[in-house]
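J.: First, the structure itself, so that you have it in front of you.
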Amino acid sequence: MTTIVVSGKGGTGKTNVAALIVRIISERKVTLAIDADPDTNLAGALGASIRKTVGDIREGFLDEKDKLPPETDKQAHFEYRLMGIIEEGDRFDILAMGRPEGPGCYCYVNNVLRAIIERLEGNYEVVVIDTEAGLEHLSRRTVRDIDILLVVTDTSRRGLETADRIRKLANELNIRVKQIYVVANKVRDEKDREKLKNMAEEMDLELIGFIPFDEELAELDLDGKPLTQLKDSSPAFKAVKEIVERLNIM
Amino acid sequence: MAEEFPFDISPMYEGERVRKGDMYVELGGPNRDGFELVQVVDPDEVEDGKFTLIGPDILDMKEGEAYPYGMIYKVAGEKLEKDLEAVLERRHHEFQPYMQGYMHLNQRYDIWVRISKDMVKKGLKSFEQIAKATMMLYKNELPFIEKMEAIYITDEEKVKEELAKAMEIYKARDERARAIHDEDVDVFYGCTLCQAFAPTSVCVVTPDRPSLCGAMTWFDCRAAAKVDPEGPNFPIEKGECLDELKGEYSGVNEKAVELSGGEYDRIMLYTFMEYPHTSCGCFEVIGFYMPEVQGIGWVDRNYPAATPNGLPFSSMAGQAGGGKQTLGFLGIGIQYFYSPKFLQGEGGWTTTCWMPKALKERVLDAIPEDMRDKIATEEDATDIEQLREFLKRVNHPVVSKWAAEEEAEEEAVTEAAAPEEAMPQMQMLQPGMMPQMQLPAFAPPSGGAAGGIKLILKNANIRVEKIVLKKKE
């Protein structure tokens with residue numbers, strides 16, 4: 001199993017990039033897409049809708065735990081609940097992490113969820129995780145080791161600075177990350193490319209590819225339409241496909 | 001032996017999911033009835049190896065559809081007892097997923113099974129093969145099962161009918177499980193799940209005392225310890241019962257030293273005022289002793305306002321939590337209110353004076369009927385004065401102690417306070433909360449020295465880490 005995490009500053013289009021990656025990889029690999037951004041947009045970008053999230057199960061447990069029969073195997077119970085919230089598609093499945101924790105004790109429930117999610121992931125060849133720049137689920141170890149961390153940036157310096165911070169955070173959190181790359185998104189021209197290349201070099205970040213600004217994608221985005229409708233011939237799709245090939249996981 | 005089956009059987013397939021696209025049929029699950037039941041019966045009621053199917057078989061089913069599913073097993077053996085049914089049934093969720101291409105989730109009346117297309121392609125034709133493989137695993141792993149037969153049901157009406165009967169059996173089993181008490185077992189369990197936040201916490205989970213966070217029962221810990229012996233749950237041999245009323249066990253004390261890193265060496269499970277259970281940070285409810293009324297108040301995480309002692313949940317949790325043993329404070333799980341050992345050392349519910357209304361309503365059926373009207377909520381009292389008034393009005397059992405105490409107090413002014421029991425490691429929290437703290441209740445060891453003092457702290461705001469009182473040289 002290969003775990004790919006897609007992160008980045010808000011507004012850089014990381015969810016769109018994650019959605020395209022899922023679309024491309026799932027053509028050949030059994031893929032699980034995990035939406036670890038509390039904003040949960042990944043499903044929409046993939047043309048699916050989320051009914052319930054892991055957060056809902058977690059809160060639900062706090063309410064129902066006293067009502068379960070005394071000898072209930074709670075891990076088995078959670079596995080059942082978790083299976084029930086997976087959006088199953090033909091090519092890929094989607095799991096949404098949902099809202100962050102409220103007050104109360106989550107030691108037990110997180111411990112169980114960690115084990116279950118790990119088992120679930122084992123059923124897929126590739127797991128793609130869309131997460132916000134704070135890496136909340138990574139810090140909580142609902143996700144453990146990462147094979148590839150892709151940080152999406154736009155053409156702003158701040159986007160790259162976030163990339164740098166994410167790299168440091170991953171280090172501090174002691175998450176094993178095998179490879180880290182920066183993906184430049186919404187790139188308009190050669191000037192942008194040059195600028196990004198220089199900044200990346202300066203921060204010692206490895207740029208793995210440029211995704212051009214794409215009118216068709218922007219329009220789908222504007223209308224709230226899923227990126228599954230984006231044509232294979234569109235510049236953004238072609239660029240993401242090249243990036244995926246470079247990752248050497250297919 | 002697995003060769004006779006057209007599918008592979010191995011523990012390595014545990015955790016395997018059959019995705020919708022790869023699924024031949026779904027059985028039970030969120031949209032159909034489903035259940036599994038193991039029954040221990042007399043040997044002459046079982047025909048060993050027999051399989052019965054009521055309803056359509058696998059190849060009669062339409063690909064991609066969901067069907068109801070009931071699996072009943074009858075087992076017999078000289079060493080088998082009715083009490084083992086739940087244990088045997090639990091293994092079903094372990095054995096069935098050994099079959100490659102067969103997804104089995106959960107237990108009892110909430111099962112979710114999927115059979116993969118691949119399994120059918122490889123030669124699976126009938127539920128008989130599934131049942132035979134399952135029975136083989138049972139008999140291999142549990143040789144004390146001498147005879148076993150299986151009845152599988154896929155007919156909708158029949159599943160409903162048998163499920164209703166099974167529900168009665170589960171219910172009876174639950175009642176038996178709830179009837180297990182601390183004195184019926186030799187082993188309690190420890191839990192270190194929250195030690196990251198509460199490094200000295202000694203969480204002891206017993207049949208009569210669920211974990212403070214409310215997430216783990218004795219049954220959960222037992223199951224977890226079995227699955228992962230190196231994990232956060234482990235057995236604690238009860239050892240000798242040193243104090244039946246207050247719940248002191250030699251095994252718990254020994255383990256307390258180890259778990260708390262030497263911080264604590266005595267834990268009493270059913271009391272508040274003497275070597276109480278440590279409070280982690282995860283507890284659902286915190287109890288607080290109010291010396292002014294000589295009673296206890298309880299407040300849960302959801303009640304944001306201050307309690308009659310002037311402090312809200314968060315302040316008390318912050319000070320008493322973190323794995324400390326704090327005299328006069330106790331973090332608990334909500335289910336502990338239902339325990340027959342609930343504050344046994346203090347006379348159970350008779351010392352409880354105050355709870356937030358929502359909490360009181362939630363656990364109302366745990367409160368003895370004669371105490372229900374005697375426990376104040378925020379509607380009756382929000383400070384100590386109002387609480388005193390309320391308790392007097394309803395003639396709460398603690399009121400009878402007040403008169404006795406007042407007499408004792410007068411004596412204490414002139415006479416020595418001779419404490420009977422030593423309480424080392426006592427931590428006092430903001431003495432301001434206890435404006436009239438009297439020594440007999442919280443006395444350091446004095447070795448019965450003559451001559452005494454009376455300390456009255458009024459509205460004090462002192463933080464004391466430790467008080468050392470020494471006999472004059």
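By convention in this document, the chains of the structure tokens carry letters A, B, ... by their order, each chain's residues are numbered from 1, and ligands are numbered from 1 in the order they are shown.
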With the cut-off set at 10 Å and counting only C-alpha atoms, tabulate each residue of region 175-272 of chain B with an atom at most that distance from an atom of region 53-68 of chain A, showing the nearest atom pair and its distance in Å to one decimal, ordered by chain and increasing number, as a tab-separated table.

T.:
```
residue	atom	partner	partner_atom	distance
B:Cys213	CA	A:Leu62	CA	9.8
B:Gly214	CA	A:Asp66	CA	7.6
B:Ala215	CA	A:Lys65	CA	6.7
B:Met216	CA	A:Lys65	CA	9.0
B:Thr217	CA	A:Asp66	CA	9.7
```

J.: I need the chosen residues saved as a PDB file, in the first residue's frame, with N, CA and C atoms.

T.:
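After the write, selection.pdb holds the following:
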```
ATOM      1  N   CYS B 213     -13.262   7.354  32.135  1.00  0.00           N
ATOM      2  CA  CYS B 213     -13.679   7.995  30.880  1.00  0.00           C
ATOM      3  C   CYS B 213     -15.012   7.424  30.411  1.00  0.00           C
ATOM      4  N   GLY B 214     -15.406   6.284  31.016  1.00  0.00           N
ATOM      5  CA  GLY B 214     -16.678   5.672  30.641  1.00  0.00           C
ATOM      6  C   GLY B 214     -16.592   4.826  29.390  1.00  0.00           C
ATOM      7  N   ALA B 215     -15.416   4.757  28.782  1.00  0.00           N
ATOM      8  CA  ALA B 215     -15.306   4.040  27.511  1.00  0.00           C
ATOM      9  C   ALA B 215     -15.049   2.549  27.703  1.00  0.00           C
ATOM     10  N   MET B 216     -14.415   2.170  28.822  1.00  0.00           N
ATOM     11  CA  MET B 216     -14.021   0.783  29.004  1.00  0.00           C
ATOM     12  C   MET B 216     -14.749   0.136  30.178  1.00  0.00           C
ATOM     13  N   THR B 217     -15.357  -0.993  29.907  1.00  0.00           N
ATOM     14  CA  THR B 217     -15.895  -1.783  30.996  1.00  0.00           C
ATOM     15  C   THR B 217     -14.905  -2.911  31.287  1.00  0.00           C
TER      16      THR B 217
END
```

J.: For region 160-176 of chain A, find every residue with an atom within 12 Å (counting only C-alpha atoms), except residues of its own chain fewer than 2 positions away, and show them as a VMD selection string.

T.: chain A and resid 3 5 to 12 14 131 to 158 178 to 185 195 to 207

J.: Name the residues in contact with region 333-339 of chain B at a cut-off of 6 Å, using only C-alpha atoms, excluding same-chain residues fewer than 2 positions from it; report them as number ranges by chain.

T.: B: 208-209, 212-214, 283-284, 341-342, 366

J.: Give me, as number ranges by chain, the residues of chain B touching chain A, with the criterion being at most 10 Å (counting only C-alpha atoms).

T.: B: 14-22, 29-30, 86-87, 90, 93, 104-108, 110-112, 170-171, 173-178, 192-197, 207, 212-220, 222-224, 281-284, 301-302, 333-335

J.: With only C-alpha atoms as the counted atoms, please give the residues lying no more than 9 Å from region 384-396 of chain B, apart from itself and same-chain residues fewer than 2 positions off, as JSON, numbers by chain.

T.: {"B": [290, 292, 293, 308, 309, 310, 350, 351, 353, 354, 371, 373, 374, 375, 376, 380, 381, 382, 398, 399, 400]}

J.: Could you please write out, as a PyMOL selection string, every residue of region 89-215 of chain B that DSSP assigns to strand (DSSP E)?

T.: chain B and resi 102-105+112-116+147-153+187-191+203-205

J.: Can you tell me which residues surround Pro43 (chain B) at a distance of at most 8 Å, considering only C-alpha atoms, apart from same-chain residues fewer than 2 positions away, and format the answer as a list in words?

T.: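 Once the nearby chain positions are removed, what remains is Val41, Glu45, Val46, Val75, Ala76, Gly77 and Lys147 of chain B.
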
J.: Can you pull out every residue within 12 Å of Ser234 (chain A), counting only C-alpha atoms, but drop anything in the same chain fewer than 6 positions away, and send it as a PyMOL selection string?

T.: chain A and resi 20+211-218+227-228+240-241

J.: Between CA of Gln319 (chain B) and CA of Thr271 (chain B), what is the spacing in Å?

T.: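 Distance between the two atoms: 19.4 Å.
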
J.: What is the CA of Gly328 (chain B)-CA of Ile296 (chain B) distance in Å, reported with one decimal?

T.: 8.6 Å

J.: With only C-alpha atoms as the counted atoms, please give the residues lying no more than 12 Å from Pro226 (chain A), apart from itself and same-chain residues fewer than 6 positions off, as a list in words.

T.: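 Returned residues: Thr15, Asn16, Ala19, Leu20, Arg23, Asn41, Leu42, Ala43, Gly44, Ala45, Leu46, Gly47, Ala48, Ser49, Glu216, Leu217, Ala218, Glu219 and Leu220 of chain A.
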
J.: Convert the current residue selection to file output with N, CA and C atoms, as a compact mmCIF listing (two decimals), in the first residue's frame.

T.:
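Wrote out-v7.txt, looks like this:
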```txt
# COMPACT_ATOMS: atom_id res chain seq x y z
N THR A 15 -7.39 20.52 -2.88
CA THR A 15 -8.44 19.51 -2.98
C THR A 15 -8.67 19.11 -4.44
N ASN A 16 -8.61 20.09 -5.34
CA ASN A 16 -8.75 19.77 -6.76
C ASN A 16 -7.60 18.88 -7.22
N ALA A 19 -8.18 15.44 -5.90
CA ALA A 19 -9.25 14.77 -6.63
C ALA A 19 -8.73 14.23 -7.97
N LEU A 20 -7.94 15.04 -8.66
CA LEU A 20 -7.41 14.57 -9.95
C LEU A 20 -6.45 13.40 -9.76
N ARG A 23 -8.50 10.38 -9.22
CA ARG A 23 -9.11 9.97 -10.49
C ARG A 23 -8.09 9.22 -11.36
N ASN A 41 -14.46 18.80 1.18
CA ASN A 41 -14.81 19.12 -0.19
C ASN A 41 -14.39 18.06 -1.19
N LEU A 42 -13.56 17.14 -0.73
CA LEU A 42 -12.99 16.17 -1.65
C LEU A 42 -14.07 15.33 -2.34
N ALA A 43 -15.05 14.90 -1.56
CA ALA A 43 -16.10 14.06 -2.12
C ALA A 43 -16.81 14.81 -3.25
N GLY A 44 -17.12 16.06 -3.02
CA GLY A 44 -17.79 16.87 -4.03
C GLY A 44 -16.95 16.96 -5.30
N ALA A 45 -15.66 17.19 -5.13
CA ALA A 45 -14.77 17.28 -6.29
C ALA A 45 -14.71 15.95 -7.03
N LEU A 46 -15.01 14.86 -6.33
CA LEU A 46 -14.97 13.54 -6.96
C LEU A 46 -16.35 13.08 -7.41
N GLY A 47 -17.31 13.97 -7.31
CA GLY A 47 -18.65 13.64 -7.78
C GLY A 47 -19.44 12.75 -6.85
N ALA A 48 -19.07 12.73 -5.59
CA ALA A 48 -19.80 11.92 -4.61
C ALA A 48 -20.30 12.84 -3.50
N SER A 49 -21.15 12.30 -2.65
CA SER A 49 -21.54 13.13 -1.50
C SER A 49 -21.35 12.30 -0.23
N GLU A 216 -11.09 25.52 -18.06
CA GLU A 216 -12.16 24.52 -17.95
C GLU A 216 -12.36 24.11 -16.50
N LEU A 217 -11.22 23.89 -15.82
CA LEU A 217 -11.27 23.51 -14.41
C LEU A 217 -11.88 24.63 -13.58
N ALA A 218 -11.43 25.84 -13.85
CA ALA A 218 -11.93 27.00 -13.10
C ALA A 218 -13.45 27.11 -13.24
N GLU A 219 -13.93 26.79 -14.44
CA GLU A 219 -15.36 26.90 -14.68
C GLU A 219 -16.14 25.82 -13.91
N LEU A 220 -15.62 24.61 -13.95
CA LEU A 220 -16.26 23.53 -13.18
C LEU A 220 -16.30 23.88 -11.70
```

J.: Separation of CA of Pro6 (chain B) and CA of Lys139 (chain B), in Å?

T.: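 Interatomic distance, CA of Pro6 (chain B) to CA of Lys139 (chain B): 19.7 Å.
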
J.: Calculated over only C-alpha atoms, which of the candidates A:Ile21, A:Ala115, A:Met97, A:Val187 has the smallest distance to Pro235 (chain A)?

T.: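 Among A:Ile21, A:Ala115, A:Met97, A:Val187, it is A:Val187 that comes nearest to Pro235 (chain A).
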
J.: I need the residues of region 57-176 of chain A that end up classed as alpha helix (DSSP H) by DSSP on the backbone, written out as an NGL selection string.

T.: :A and (57-64 or 74-84 or 107-121 or 136-139 or 157-172)
